[in-house]
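J.: So here's run-v4.txt, just compact mmCIF, C-alpha atoms and all ligand atoms:
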```txt
# COMPACT_ATOMS: atom_id res chain seq x y z
CA MET Q 1 66.92 85.34 122.87
CA ASP Q 2 70.39 86.85 122.87
CA ARG Q 3 72.10 87.94 119.70
CA LEU Q 4 75.59 86.60 119.03
CA ALA Q 5 78.28 88.21 116.91
CA ILE Q 6 81.41 86.35 115.89
CA VAL Q 7 84.17 88.81 115.04
CA VAL Q 8 86.96 87.62 112.75
CA PRO Q 9 89.96 89.81 111.91
CA CYS Q 10 91.32 88.90 108.47
CA TYR Q 11 94.57 89.87 106.86
CA ASN Q 12 95.42 88.25 103.52
CA GLU Q 13 93.28 85.26 104.39
CA GLU Q 14 91.94 84.38 100.92
CA GLU Q 15 93.12 80.80 101.30
CA ALA Q 16 91.48 80.13 104.64
CA LEU Q 17 88.47 82.41 104.53
CA SER Q 18 85.92 80.51 102.46
CA PHE Q 19 86.37 77.45 104.62
CA SER Q 20 86.18 79.50 107.82
CA ILE Q 21 83.03 81.32 106.76
CA THR Q 22 81.29 78.04 105.92
CA GLU Q 23 82.29 76.52 109.24
CA LEU Q 24 81.26 79.55 111.31
CA LYS Q 25 77.94 79.83 109.50
CA ARG Q 26 77.32 76.18 110.26
CA ILE Q 27 77.96 76.91 113.94
CA LEU Q 28 75.53 79.82 113.95
CA LYS Q 29 72.87 77.61 112.42
CA GLU Q 30 73.49 74.82 114.89
CA LEU Q 31 73.41 77.14 117.90
CA HIS Q 32 70.20 78.73 116.69
CA GLY Q 33 68.72 75.28 116.18
CA LYS Q 34 69.49 74.48 119.81
CA GLY Q 35 67.79 77.71 120.86
CA LYS Q 36 70.96 79.24 122.33
CA ILE Q 37 71.20 82.34 120.12
CA SER Q 38 68.77 84.55 118.24
CA PRO Q 39 68.15 84.03 114.51
CA ASP Q 40 69.66 87.40 113.65
CA SER Q 41 73.07 86.46 115.07
CA PHE Q 42 75.87 87.21 112.64
CA LEU Q 43 79.52 86.97 111.63
CA LEU Q 44 81.48 90.18 111.35
CA LEU Q 45 84.52 89.79 109.12
CA VAL Q 46 87.02 92.59 109.49
CA ASP Q 47 89.33 93.08 106.54
CA ASP Q 48 92.53 94.58 107.90
CA GLY Q 49 93.72 96.18 104.67
CA SER Q 50 94.40 92.89 102.90
CA LYS Q 51 96.26 92.94 99.63
CA ASP Q 52 94.70 89.76 98.27
CA ARG Q 53 91.10 88.78 97.51
CA THR Q 54 89.98 88.75 101.16
CA TRP Q 55 87.56 91.67 100.79
CA GLU Q 56 86.05 90.25 97.58
CA ILE Q 57 85.31 87.03 99.43
CA ILE Q 58 83.76 88.92 102.35
CA ALA Q 59 81.63 91.11 100.09
CA ALA Q 60 80.44 88.11 98.07
CA SER Q 61 79.50 86.21 101.25
CA ASN Q 62 77.60 89.23 102.50
CA LYS Q 63 75.58 89.35 99.29
CA GLU Q 64 74.84 85.69 99.48
CA ASP Q 65 73.99 85.46 103.15
CA LYS Q 66 72.52 88.12 105.38
CA GLN Q 67 74.23 86.61 108.40
CA VAL Q 68 77.63 87.65 107.10
CA PHE Q 69 78.63 91.23 107.82
CA GLY Q 70 81.82 92.84 106.56
CA LEU Q 71 83.96 95.70 107.80
CA LYS Q 72 86.80 96.99 105.64
CA LEU Q 73 89.55 99.00 107.26
CA ALA Q 74 91.45 101.48 105.16
CA GLY Q 75 94.95 100.05 105.31
CA ASN Q 76 96.61 97.43 107.47
CA VAL Q 77 96.48 98.48 111.11
CA GLY Q 78 97.40 95.15 112.71
CA HIS Q 79 95.50 92.41 114.47
CA GLN Q 80 94.87 94.26 117.76
CA TYR Q 81 93.34 97.32 116.13
CA ALA Q 82 91.41 95.28 113.58
CA LEU Q 83 89.94 93.20 116.37
CA THR Q 84 89.08 96.32 118.37
CA ALA Q 85 87.29 97.83 115.37
CA GLY Q 86 85.27 94.64 115.04
CA LEU Q 87 84.45 94.47 118.74
CA MET Q 88 83.30 98.10 118.81
CA GLU Q 89 80.99 97.68 115.82
CA ALA Q 90 79.65 94.29 116.87
CA GLY Q 91 79.14 95.56 120.43
CA LYS Q 92 76.60 98.08 119.15
CA LEU Q 93 74.43 95.33 117.70
CA ALA Q 94 74.96 92.12 119.62
CA ASP Q 95 74.47 90.96 123.23
CA MET Q 96 77.51 88.69 123.24
CA ILE Q 97 80.58 88.89 121.07
CA ILE Q 98 83.06 86.13 120.33
CA SER Q 99 86.39 86.90 118.69
CA ILE Q 100 88.22 84.21 116.77
CA ASP Q 101 91.06 84.13 114.22
CA ALA Q 102 90.30 83.58 110.56
CA ASP Q 103 92.52 80.49 110.36
CA LEU Q 104 90.31 78.56 112.82
CA GLN Q 105 93.30 77.39 114.86
CA ASP Q 106 91.06 77.84 117.85
CA ASP Q 107 88.52 75.09 118.35
CA THR Q 108 85.08 76.17 117.18
CA ALA Q 109 83.56 73.30 119.16
CA VAL Q 110 83.97 75.22 122.42
CA ILE Q 111 81.91 78.18 121.16
CA GLU Q 112 78.82 76.44 122.44
CA LEU Q 113 80.40 76.03 125.88
CA MET Q 114 81.26 79.73 125.91
CA ILE Q 115 77.64 80.58 125.20
CA ASP Q 116 76.42 78.24 127.93
CA MET Q 117 78.70 80.04 130.38
CA TYR Q 118 77.37 83.37 129.15
CA HIS Q 119 73.86 82.17 129.91
CA GLU Q 120 75.07 81.15 133.37
CA GLY Q 121 75.96 84.80 133.93
CA LYS Q 122 79.61 85.02 132.94
CA ASP Q 123 80.55 88.25 131.18
CA ILE Q 124 83.88 87.09 129.85
CA VAL Q 125 84.83 83.57 128.84
CA TYR Q 126 88.46 82.96 127.90
CA GLY Q 127 89.48 80.32 125.41
CA VAL Q 128 92.58 78.65 126.84
CA ARG Q 129 94.87 76.28 124.94
CA ASN Q 130 95.77 73.32 127.03
CA ASP Q 131 97.87 71.76 124.33
CA ARG Q 132 100.34 73.34 121.98
CA LYS Q 133 101.61 70.18 120.32
CA LYS Q 134 100.57 71.48 116.90
CA ASP Q 135 102.60 74.67 117.28
CA SER Q 136 106.21 74.59 116.15
CA PHE Q 137 108.82 74.16 118.88
CA PHE Q 138 109.92 77.73 118.35
CA LYS Q 139 106.44 79.23 118.58
CA ARG Q 140 105.66 77.15 121.65
CA THR Q 141 108.75 78.10 123.63
CA THR Q 142 108.68 81.77 122.70
CA ALA Q 143 104.98 82.01 123.52
CA GLN Q 144 105.40 80.32 126.89
CA GLY Q 145 108.43 82.45 127.68
CA PHE Q 146 106.30 85.47 126.92
CA TYR Q 147 103.64 84.55 129.50
CA LYS Q 148 106.39 83.98 132.08
CA VAL Q 149 107.94 87.39 131.45
CA MET Q 150 104.54 89.05 131.68
CA ASP Q 151 104.03 87.36 135.00
CA VAL Q 152 107.38 88.56 136.36
CA MET Q 153 106.51 92.05 135.20
CA GLY Q 154 103.30 91.90 137.23
CA VAL Q 155 100.97 92.07 134.22
CA LYS Q 156 97.77 90.14 134.78
CA THR Q 157 97.06 87.91 131.80
CA VAL Q 158 95.38 84.56 131.40
CA TYR Q 159 98.03 81.90 130.76
CA ASN Q 160 97.86 80.41 127.26
CA HIS Q 161 94.92 82.55 126.26
CA ALA Q 162 95.17 84.55 123.04
CA ASP Q 163 92.31 86.53 121.58
CA PHE Q 164 89.71 83.78 121.38
CA ARG Q 165 87.09 84.83 123.89
CA LEU Q 166 83.49 85.70 124.53
CA MET Q 167 82.55 89.10 125.90
CA SER Q 168 79.12 90.36 126.88
CA LYS Q 169 77.85 93.65 125.52
CA ARG Q 170 78.57 95.44 128.79
CA ALA Q 171 82.10 94.03 128.90
CA VAL Q 172 82.74 95.38 125.39
CA GLU Q 173 81.24 98.72 126.45
CA HIS Q 174 83.70 98.99 129.30
CA PHE Q 175 86.54 97.85 127.06
CA SER Q 176 85.73 100.74 124.71
CA LYS Q 177 86.67 103.17 127.50
CA PHE Q 178 90.30 102.13 127.22
CA GLY Q 179 91.46 104.68 124.69
CA GLU Q 180 95.13 103.74 124.64
CA SER Q 181 97.02 103.52 121.38
CA ASN Q 182 99.57 100.91 122.45
CA LEU Q 183 96.92 98.29 122.51
CA PHE Q 184 97.35 94.88 124.10
CA ILE Q 185 93.83 93.55 124.38
CA ARG Q 186 94.79 90.50 126.43
CA GLY Q 187 96.07 92.75 129.17
CA ILE Q 188 93.01 95.01 129.20
CA VAL Q 189 90.29 92.36 129.35
CA PRO Q 190 91.23 91.13 132.86
CA LEU Q 191 90.96 94.75 134.05
CA ILE Q 192 87.29 94.93 133.05
CA GLY Q 193 86.20 92.93 136.07
CA TYR Q 194 82.88 91.01 136.10
CA GLU Q 195 82.64 87.28 136.44
CA THR Q 196 84.83 85.28 134.10
CA ASP Q 197 85.43 81.67 133.22
CA CYS Q 198 87.61 79.60 130.90
CA VAL Q 199 87.03 76.91 128.32
CA TYR Q 200 89.90 74.63 127.34
CA TYR Q 201 90.78 73.36 123.90
CA GLU Q 202 93.57 71.99 121.80
CA ARG Q 203 95.09 74.47 119.36
CA LYS Q 204 95.00 73.18 115.81
CA GLU Q 205 97.01 73.89 112.72
CA ARG Q 206 96.01 76.66 110.36
CA VAL Q 207 93.31 75.49 107.94
CA ALA Q 208 95.16 77.17 105.06
CA GLY Q 209 97.65 79.92 104.32
CA GLU Q 210 100.59 81.08 106.39
CA SER Q 211 100.94 82.77 109.75
CA LYS Q 212 100.47 86.52 109.56
CA TYR Q 213 102.43 86.90 112.76
CA PRO Q 214 106.11 86.72 111.89
CA LEU Q 215 108.64 86.94 114.71
CA LYS Q 216 108.93 90.69 114.32
CA LYS Q 217 105.21 91.27 114.91
CA MET Q 218 105.23 88.80 117.81
CA LEU Q 219 108.08 90.62 119.51
CA ALA Q 220 106.37 93.96 118.93
CA LEU Q 221 103.21 92.60 120.56
CA ALA Q 222 105.14 91.21 123.51
CA TRP Q 223 107.00 94.47 123.97
CA ASN Q 224 103.71 96.35 123.85
CA GLY Q 225 102.25 93.99 126.39
CA ILE Q 226 105.02 94.71 128.85
CA THR Q 227 105.49 98.42 128.32
CA SER Q 228 101.76 99.20 128.21
CA PHE Q 229 101.04 97.49 131.49
CA SER Q 230 104.09 97.63 133.64
CA VAL Q 231 106.33 100.35 134.96
CA LYS Q 232 108.39 97.73 136.74
CA PRO Q 233 111.40 98.10 134.42
CA ILE Q 234 111.74 101.64 135.76
CA SER Q 235 111.69 100.41 139.32
CA PHE Q 236 114.44 97.97 138.40
CA ILE Q 237 116.70 100.91 137.54
CA LEU Q 238 116.06 102.51 140.89
CA GLY Q 239 116.65 99.20 142.64
CA MET Q 240 119.87 98.69 140.76
CA GLY Q 241 121.11 102.17 141.76
CA LEU Q 242 120.41 101.47 145.41
CA PHE Q 243 122.16 98.12 145.14
CA ILE Q 244 125.26 99.73 143.64
CA ILE Q 245 125.40 102.33 146.39
CA PHE Q 246 125.28 99.43 148.84
CA LEU Q 247 128.17 97.78 147.00
CA CYS Q 248 129.94 101.12 147.15
CA VAL Q 249 129.81 101.04 150.94
CA LEU Q 250 131.35 97.57 150.91
CA ALA Q 251 133.98 98.70 148.42
CA ALA Q 252 134.73 101.68 150.65
CA VAL Q 253 135.47 99.41 153.60
CA TYR Q 254 137.68 97.22 151.46
CA ALA Q 255 139.49 100.12 149.80
CA PHE Q 256 140.03 101.90 153.07
CA ALA Q 257 141.42 98.78 154.69
CA SER Q 258 143.78 98.25 151.77
CA TYR Q 259 144.82 101.86 151.99
CA LEU Q 260 145.62 101.58 155.72
CA MET Q 261 147.63 98.46 155.07
CA GLY Q 262 149.54 100.37 152.48
CA ARG Q 263 148.76 97.89 149.75
CA THR Q 264 147.49 100.46 147.30
CA VAL Q 265 148.89 102.61 144.57
CA ALA Q 266 148.44 106.33 145.10
CA GLY Q 267 145.10 107.56 143.78
CA TRP Q 268 143.47 104.12 143.54
CA THR Q 269 141.22 104.42 146.60
CA SER Q 270 139.64 107.71 145.63
CA LEU Q 271 139.30 106.64 142.02
CA ILE Q 272 137.59 103.32 142.71
CA LEU Q 273 135.21 104.84 145.26
CA SER Q 274 134.26 107.67 142.90
CA ILE Q 275 133.43 105.20 140.14
CA TRP Q 276 131.11 103.14 142.33
CA PHE Q 277 129.53 106.11 144.02
CA LEU Q 278 128.89 108.10 140.85
CA GLY Q 279 127.61 105.04 139.02
CA GLY Q 280 125.11 104.35 141.81
CA LEU Q 281 124.10 107.97 142.08
CA GLN Q 282 123.44 108.23 138.36
CA LEU Q 283 121.30 105.11 138.32
CA ILE Q 284 119.29 106.34 141.30
CA SER Q 285 118.75 109.68 139.59
CA ILE Q 286 117.62 108.07 136.35
CA GLY Q 287 115.38 105.73 138.34
CA LEU Q 288 113.82 108.64 140.21
CA ILE Q 289 113.10 110.57 137.03
CA GLY Q 290 111.76 107.32 135.61
CA GLN Q 291 109.30 107.03 138.48
CA TYR Q 292 107.78 110.35 137.45
CA ILE Q 293 107.75 109.40 133.79
CA GLY Q 294 106.02 106.17 134.77
CA LYS Q 295 103.34 108.18 136.56
CA ILE Q 296 102.91 110.50 133.59
CA TYR Q 297 102.57 107.45 131.39
CA THR Q 298 99.86 105.95 133.55
CA GLU Q 299 98.05 109.28 133.70
CA VAL Q 300 98.03 109.99 129.97
CA LYS Q 301 96.46 106.64 129.23
CA HIS Q 302 93.29 107.89 130.95
CA ARG Q 303 92.20 104.41 131.74
CA PRO Q 304 88.85 104.05 133.45
CA ARG Q 305 89.53 103.85 137.18
CA TYR Q 306 86.68 101.50 138.03
CA ASN Q 307 83.78 99.65 136.52
CA ILE Q 308 80.50 99.80 138.42
CA GLU Q 309 78.70 96.51 138.30
CA VAL Q 310 75.70 97.19 140.55
CA LEU Q 311 74.51 100.23 142.44
CA LEU Q 312 71.85 99.65 145.07
CA THR Q 313 69.78 102.70 146.00
CA ASP Q 314 66.57 103.45 147.90
CA GLU Q 315 63.15 103.64 146.21
CA GLU Q 316 63.59 107.17 144.95
CA GLY Q 317 66.82 106.23 143.25
CA LYS Q 318 68.90 108.20 145.70
CA ILE Q 319 71.93 106.87 147.47
CA ALA Q 320 71.25 106.69 151.19
CA ASP Q 321 73.42 109.02 153.30
N1 LIG A 401 95.70 89.53 111.36
C1 LIG A 401 95.20 90.80 111.12
N2 LIG A 401 96.08 91.80 110.82
C2 LIG A 401 97.45 91.58 110.75
C3 LIG A 401 97.93 90.29 111.05
C4 LIG A 401 97.03 89.28 111.35
O1 LIG A 401 93.99 91.02 111.17
O2 LIG A 401 98.17 92.53 110.48
C5 LIG A 401 94.74 88.45 111.68
C6 LIG A 401 94.87 87.18 110.85
O3 LIG A 401 94.15 87.28 109.65
C7 LIG A 401 94.31 86.12 111.78
C8 LIG A 401 94.69 86.64 113.15
O4 LIG A 401 95.01 88.02 112.99
O5 LIG A 401 92.90 86.04 111.71
C9 LIG A 401 95.87 85.89 113.76
O6 LIG A 401 96.93 85.80 112.84
P1 LIG A 401 97.72 84.45 112.58
O7 LIG A 401 96.78 83.30 112.63
O8 LIG A 401 98.50 84.60 111.33
O9 LIG A 401 98.69 84.41 113.83
P2 LIG A 401 99.29 83.10 114.54
O10 LIG A 401 98.14 82.20 114.83
O11 LIG A 401 100.26 82.51 113.58
O12 LIG A 401 99.93 83.66 115.78
MG MG A 402 96.76 81.61 113.60
```
Mind turning this structure into structure tokens?
Ligand code: UDP
Ligand code: MG
T.:
Amino acid sequence: MDRLAIVVPCYNEEEALSFSITELKRILKELHGKGKISPDSFLLLVDDGSKDRTWEIIAASNKEDKQVFGLKLAGNVGHQYALTAGLMEAGKLADMIISIDADLQDDTAVIELMIDMYHEGKDIVYGVRNDRKKDSFFKRTTAQGFYKVMDVMGVKTVYNHADFRLMSKRAVEHFSKFGESNLFIRGIVPLIGYETDCVYYERKERVAGESKYPLKKMLALAWNGITSFSVKPISFILGMGLFIIFLCVLAAVYAFASYLMGRTVAGWTSLILSIWFLGGLQLISIGLIGQYIGKIYTEVKHRPRYNIEVLLTDEEGKIAD
């Protein structure tokens, strides 16, 4: 029987946590009862340097119930890092790992579906919100705008999927090879490969407490998502430079014609052409340098270049020549 870990990043979640722990423990029990997970499956609550009683609650639950594990980070490192810490630790122990927020906005009812898909051989199952009615108008529009921008930038993400997902042990192992500091987990997971699937659910309201993602953190995450996965903005500069040089040619024709017709003031033709030409040249130069910087950026991330899923060899374990 496969062991499940549910990883929950928690930052100042004292109001929501007790409820969430009870609910998630109930789910573990139910799933075990149905024979879908092993009895030693567990919750891993990651305290991301909370300033309230979050850790006390986690420690007390751990004492009370051996299915509740706790991980305390020294200081607040943010949701993405806290989640990564949880995934890494849980990945050492469990066969499948589900990540979910402490406020239970994501529907716990689909956890069972995720596990069914895991048993069908899926390595990654994305939780996708098909309804954002419960989100505020502002959160909804900014979030949807974000997915659109990511798409334009050529970053592969799953639309309307946040960090509620199931990953198999081997998927987490490959994820651990991404050593980048500017972490945007949602962008990395689709790069892992393997077979994936989605479950759909309606996003609910927070069970208690307030959002720990103010606009500033949301923008920082979005910015990270774009700049960690796309060097397209650099290509835009180069494109713009080329476009301006093209305009410069048109302007040259116009200016020269005006000059021949004697409709110009002395000095205007050379001045206007220099402005366009130098402007274009500068943008092209910046864009070119940017192309190299973009390459350096991709290199320093040292991302894994591939993920081997199966290797077929002959009987002696050698690859046939
Ligand atoms: N969180 C965290 N560290 C932070 C901020 C948030 O671990 O610095 C956790 C938080 O406790 C919650 C999850 O990340 O479990 C998502 O946060 P929240 O629900 O506040 O975000 P929202 O749903 O409003 O986008
Ligand atoms: Mg939330």
J.: Please provide the set of residues having any atom within 9 Å of region 249-251 of chain Q, restricted to only C-alpha atoms, with same-chain residues fewer than 5 positions apart removed, written as a VMD selection string.
T.: chain Q and resid 244 256 272 to 273 276 to 277
J.: Kindly provide, as a PyMOL selection string, all nucleotide and amino acid residues lying within 10 Å of ligand LIG 401 (chain A), counting all atoms listed in the file.
T.: chain Q and resi 7-14+16-17+45-50+54+73+75-83+99-106+135+139+143+162-163+203-215+217-218
J.: Rank nothing, just name the residue among Q:Asp107, Q:Leu260, Q:Lys232, Q:Ala171 nearest to ligand MG 402 (chain A), using all atoms listed in the file.
T.: Q:Asp107
J.: So which residues are close to (75.3, 83.1, 119.5), meaning at most 7 Å away in the file's coordinates with all atoms listed in the file counted, and can you show them as a list in words?
T.: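 Applying the cut-off with all atoms listed in the file, one gets Arg3, Leu4, Ala5, Leu28, Leu31, Lys36, Ile37, Ser38, Ser41 and Ile115 of chain Q.
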J.: Between CA of Asn160 (chain Q) and CA of Ser136 (chain Q), what is the distance in Å, rounded to a tenth?
T.: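 So the answer is 15.1 Å.
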J.: May I ask for the distance between CA of Phe137 (chain Q) and CA of Arg186 (chain Q), given in Å to one decimal place?
T.: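 If I compute the distance from CA of Phe137 (chain Q) to CA of Arg186 (chain Q), I get 22.8 Å.
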J.: What is the CA of Leu44 (chain Q) to CA of Pro304 (chain Q) distance in Å?
T.: 27.1 Å
J.: Which of these residues is nearest to ligand MG 402 (chain A), using all atoms listed in the file: Q:Lys34, Q:Met150, Q:Phe164, Q:Lys216?
T.: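 Between Q:Lys34, Q:Met150, Q:Phe164, Q:Lys216, the residue approaching ligand MG 402 (chain A) most closely is Q:Phe164.
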J.: Closest to Tyr194 (chain Q) among Q:Val310, Q:Val155, Q:Ile286, Q:Leu219, using all atoms listed in the file?
T.: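 For Tyr194 (chain Q), the nearest of the candidates is Q:Val310.
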J.: Please identify all polymer residues within 9 Å of region 116-127 of chain Q, counting only C-alpha atoms, omitting same-chain residues fewer than 5 positions from it, and present them as a VMD selection string.
T.: chain Q and resid 36 96 106 to 107 110 to 111 158 160 to 171 189 to 190 193 to 201
J.: Please save C-alpha atoms of the selected residues as a short mmCIF file (atom, residue, chain, number, x, y, z; two decimals), keeping the file's coordinate frame.
T.:
```cif
data_model
loop_
_atom_site.label_atom_id
_atom_site.label_comp_id
_atom_site.auth_asym_id
_atom_site.auth_seq_id
_atom_site.Cartn_x
_atom_site.Cartn_y
_atom_site.Cartn_z
CA LYS Q 36 70.96 79.24 122.33
CA MET Q 96 77.51 88.69 123.24
CA ASP Q 106 91.06 77.84 117.85
CA ASP Q 107 88.52 75.09 118.35
CA VAL Q 110 83.97 75.22 122.42
CA ILE Q 111 81.91 78.18 121.16
CA VAL Q 158 95.38 84.56 131.40
CA ASN Q 160 97.86 80.41 127.26
CA HIS Q 161 94.92 82.55 126.26
CA ALA Q 162 95.17 84.55 123.04
CA ASP Q 163 92.31 86.53 121.58
CA PHE Q 164 89.71 83.78 121.38
CA ARG Q 165 87.09 84.83 123.89
CA LEU Q 166 83.49 85.70 124.53
CA MET Q 167 82.55 89.10 125.90
CA SER Q 168 79.12 90.36 126.88
CA LYS Q 169 77.85 93.65 125.52
CA ARG Q 170 78.57 95.44 128.79
CA ALA Q 171 82.10 94.03 128.90
CA VAL Q 189 90.29 92.36 129.35
CA PRO Q 190 91.23 91.13 132.86
CA GLY Q 193 86.20 92.93 136.07
CA TYR Q 194 82.88 91.01 136.10
CA GLU Q 195 82.64 87.28 136.44
CA THR Q 196 84.83 85.28 134.10
CA ASP Q 197 85.43 81.67 133.22
CA CYS Q 198 87.61 79.60 130.90
CA VAL Q 199 87.03 76.91 128.32
CA TYR Q 200 89.90 74.63 127.34
CA TYR Q 201 90.78 73.36 123.90
#
```
J.: May I have the residues within 12 Å of Met240 (chain Q) as a list in words, using all atoms listed in the file and disregarding those fewer than 5 positions away in the same chain?
T.: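 After dropping sequence-adjacent residues, the list is Pro233, Ile234, Ser235, Ile245, Phe246, Leu247, Gly279, Gly280, Leu281, Gln282, Leu283, Ile284, Ser285, Ile286, Gly287 and Leu288 of chain Q.
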J.: Write out as number ranges by chain the residues lying within 9 Å of Asn182 (chain Q), counting only C-alpha atoms and excluding same-chain residues fewer than 4 positions away.
T.: Q: 224-225, 227-228
J.: Could the residues in this selection be written to a file with C-alpha atoms, as a PDB file, in the frame of the given file?
T.:
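And here is the file that came out, part-v6.pdb:
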```pdb
ATOM      1  CA  ASN Q 224     103.710  96.350 123.850  1.00  0.00           C
ATOM      2  CA  GLY Q 225     102.250  93.990 126.390  1.00  0.00           C
ATOM      3  CA  THR Q 227     105.490  98.420 128.320  1.00  0.00           C
ATOM      4  CA  SER Q 228     101.760  99.200 128.210  1.00  0.00           C
TER       5      SER Q 228
END
```
J.: Of the residues Q:Tyr297, Q:Phe229, Q:Phe184, Q:Phe175, which is the one nearest to Leu87 (chain Q), using all atoms listed in the file?
T.: Q:Phe175
